[in-house]
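Data block for work-v8.pdb (PDB, C-alpha atoms, pLDDT in the B column):
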ATOM      1  CA  MET G 217       5.690  35.884   9.935  1.00 79.00           C
ATOM      2  CA  SER G 218       3.289  38.003   7.904  1.00 88.00           C
ATOM      3  CA  ILE G 219       3.295  41.786   7.851  1.00 92.00           C
ATOM      4  CA  VAL G 220      -0.022  41.830   9.737  1.00 89.00           C
ATOM      5  CA  THR G 221       1.498  39.823  12.578  1.00 90.00           C
ATOM      6  CA  LYS G 222       4.612  42.019  12.678  1.00 92.00           C
ATOM      7  CA  VAL G 223       2.545  45.211  12.864  1.00 93.00           C
ATOM      8  CA  ALA G 224       0.289  43.675  15.518  1.00 92.00           C
ATOM      9  CA  LYS G 225       3.356  42.746  17.579  1.00 93.00           C
ATOM     10  CA  MET G 226       4.665  46.326  17.349  1.00 95.00           C
ATOM     11  CA  ARG G 227       1.224  47.649  18.373  1.00 94.00           C
ATOM     12  CA  LEU G 228       1.143  45.240  21.305  1.00 93.00           C
ATOM     13  CA  ASN G 229       4.554  46.417  22.510  1.00 95.00           C
ATOM     14  CA  TYR G 230       3.626  50.084  22.057  1.00 96.00           C
ATOM     15  CA  HIS G 231       0.383  49.844  24.012  1.00 95.00           C
ATOM     16  CA  ALA G 232       2.015  47.760  26.766  1.00 94.00           C
ATOM     17  CA  THR G 233       4.691  50.452  27.121  1.00 96.00           C
ATOM     18  CA  MET G 234       2.054  53.188  27.206  1.00 96.00           C
ATOM     19  CA  LEU G 235       0.264  51.325  30.011  1.00 95.00           C
ATOM     20  CA  ASP G 236       3.498  51.362  32.007  1.00 96.00           C
ATOM     21  CA  ILE G 237       4.089  55.057  31.302  1.00 96.00           C
ATOM     22  CA  CYS G 238       0.521  55.937  32.267  1.00 96.00           C
ATOM     23  CA  ASN G 239       0.826  53.980  35.503  1.00 96.00           C
ATOM     24  CA  VAL G 240       4.078  55.755  36.417  1.00 96.00           C
ATOM     25  CA  ALA G 241       2.591  59.159  35.571  1.00 96.00           C
ATOM     26  CA  ASN G 242      -0.384  58.370  37.795  1.00 96.00           C
ATOM     27  CA  GLN G 243       1.832  57.238  40.663  1.00 96.00           C
ATOM     28  CA  LEU G 244       3.869  60.456  40.384  1.00 96.00           C
ATOM     29  CA  GLY G 245       0.709  62.553  40.433  1.00 94.00           C
ATOM     30  CA  ILE G 246       1.114  63.807  36.863  1.00 94.00           C
ATOM     31  CA  LEU G 247      -2.143  62.155  35.755  1.00 93.00           C
ATOM     32  CA  LYS G 248      -5.265  62.211  37.881  1.00 95.00           C
ATOM     33  CA  ASP G 249      -6.921  58.881  38.667  1.00 93.00           C
ATOM     34  CA  GLU G 250      -9.913  59.432  36.380  1.00 95.00           C
ATOM     35  CA  LYS G 251      -7.785  60.426  33.386  1.00 94.00           C
ATOM     36  CA  ALA G 252      -5.309  57.599  34.001  1.00 94.00           C
ATOM     37  CA  GLU G 253      -8.130  55.064  34.156  1.00 95.00           C
ATOM     38  CA  GLU G 254      -9.597  56.356  30.890  1.00 95.00           C
ATOM     39  CA  VAL G 255      -6.242  56.266  29.073  1.00 94.00           C
ATOM     40  CA  MET G 256      -5.307  52.855  30.455  1.00 94.00           C
ATOM     41  CA  LYS G 257      -8.676  51.422  29.401  1.00 95.00           C
ATOM     42  CA  LYS G 258      -8.076  52.640  25.843  1.00 95.00           C
ATOM     43  CA  HIS G 259      -4.599  51.112  25.689  1.00 95.00           C
ATOM     44  CA  THR G 260      -5.812  47.840  27.198  1.00 93.00           C
ATOM     45  CA  PHE G 261      -8.460  47.404  24.525  1.00 93.00           C
ATOM     46  CA  LYS G 262      -5.933  48.303  21.821  1.00 93.00           C
ATOM     47  CA  ARG G 263      -3.631  45.596  23.251  1.00 92.00           C
ATOM     48  CA  PHE G 264      -6.454  43.065  23.095  1.00 91.00           C
ATOM     49  CA  ASP G 265      -7.104  44.043  19.469  1.00 91.00           C
ATOM     50  CA  ALA G 266      -3.426  43.599  18.600  1.00 91.00           C
ATOM     51  CA  MET G 267      -3.375  40.202  20.305  1.00 90.00           C
ATOM     52  CA  GLU G 268      -6.370  39.089  18.247  1.00 90.00           C
ATOM     53  CA  HIS G 269      -4.560  40.132  15.060  1.00 88.00           C
ATOM     54  CA  MET G 270      -1.619  37.978  16.166  1.00 89.00           C
ATOM     55  CA  GLY G 271      -3.926  34.975  16.442  1.00 87.00           C
ATOM     56  CA  LEU G 272      -3.984  34.957  20.245  1.00 87.00           C
ATOM     57  CA  ASP G 273      -7.091  34.826  22.412  1.00 87.00           C
ATOM     58  CA  PRO G 274      -6.797  37.562  25.046  1.00 84.00           C
ATOM     59  CA  TYR G 275     -10.159  36.655  26.540  1.00 83.00           C
ATOM     60  CA  GLY G 276      -9.390  32.939  26.791  1.00 82.00           C
ATOM     61  CA  ALA G 277      -7.601  33.218  30.124  1.00 68.00           C
ATOM     62  CA  MET G 278     -10.540  35.102  31.587  1.00 72.00           C
ATOM     63  CA  LYS G 279     -12.958  32.417  30.386  1.00 76.00           C
ATOM     64  CA  GLU G 280     -10.849  29.641  31.940  1.00 69.00           C
ATOM     65  CA  GLU G 281     -10.809  31.343  35.348  1.00 67.00           C
ATOM     66  CA  SER G 282     -14.616  31.555  35.510  1.00 62.00           C
TER      67      SER G 282
END
Let me see the structure of the file written as structure tokens.
Amino acid sequence: MSIVTKVAKMRLNYHATMLDICNVANQLGILKDEKAEEVMKKHTFKRFDAMEHMGLDPYGAMKEES
């Protein structure tokens, strides 16, 4: 496994964890809906970027469903 793939995997795990934390904070009322949506959107796109660096196609599943 190359260093690029290892770093991408760490980024993927980090952003997935941050999505979970943001969701919990929103459910507890710590983050307002608008702010939570903005932060979660950012982390989602960062996850997609990390997946592309790992050689995965994050948009492939969406294309198959259409």
Exercise for the section: I would like the residues chosen by the PyMOL selection byres ((chain G and resi 265) around 12) on the shown file; could you give them as an MDAnalysis selection string? Expected result: chainID G and resid 221 223:225 227:228 231 258:264 266:275
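Going from atom CA of G:Gln243 over to atom CA of G:Lys257, you cover 16.5 Å.
Nearest to G:Asp236 of all the residues G:Gly276, G:Lys222, G:Lys251, G:Met256 is G:Met256, counting only C-alpha atoms.
Atom pair atom CA of G:Leu235 / atom CA of G:Glu254 has a distance of 11.1 Å (rounded to one decimal).
Our summary of the geometry notes that atom CA of G:Asn239 is positioned 7.3 Å from atom CA of G:Ala252.
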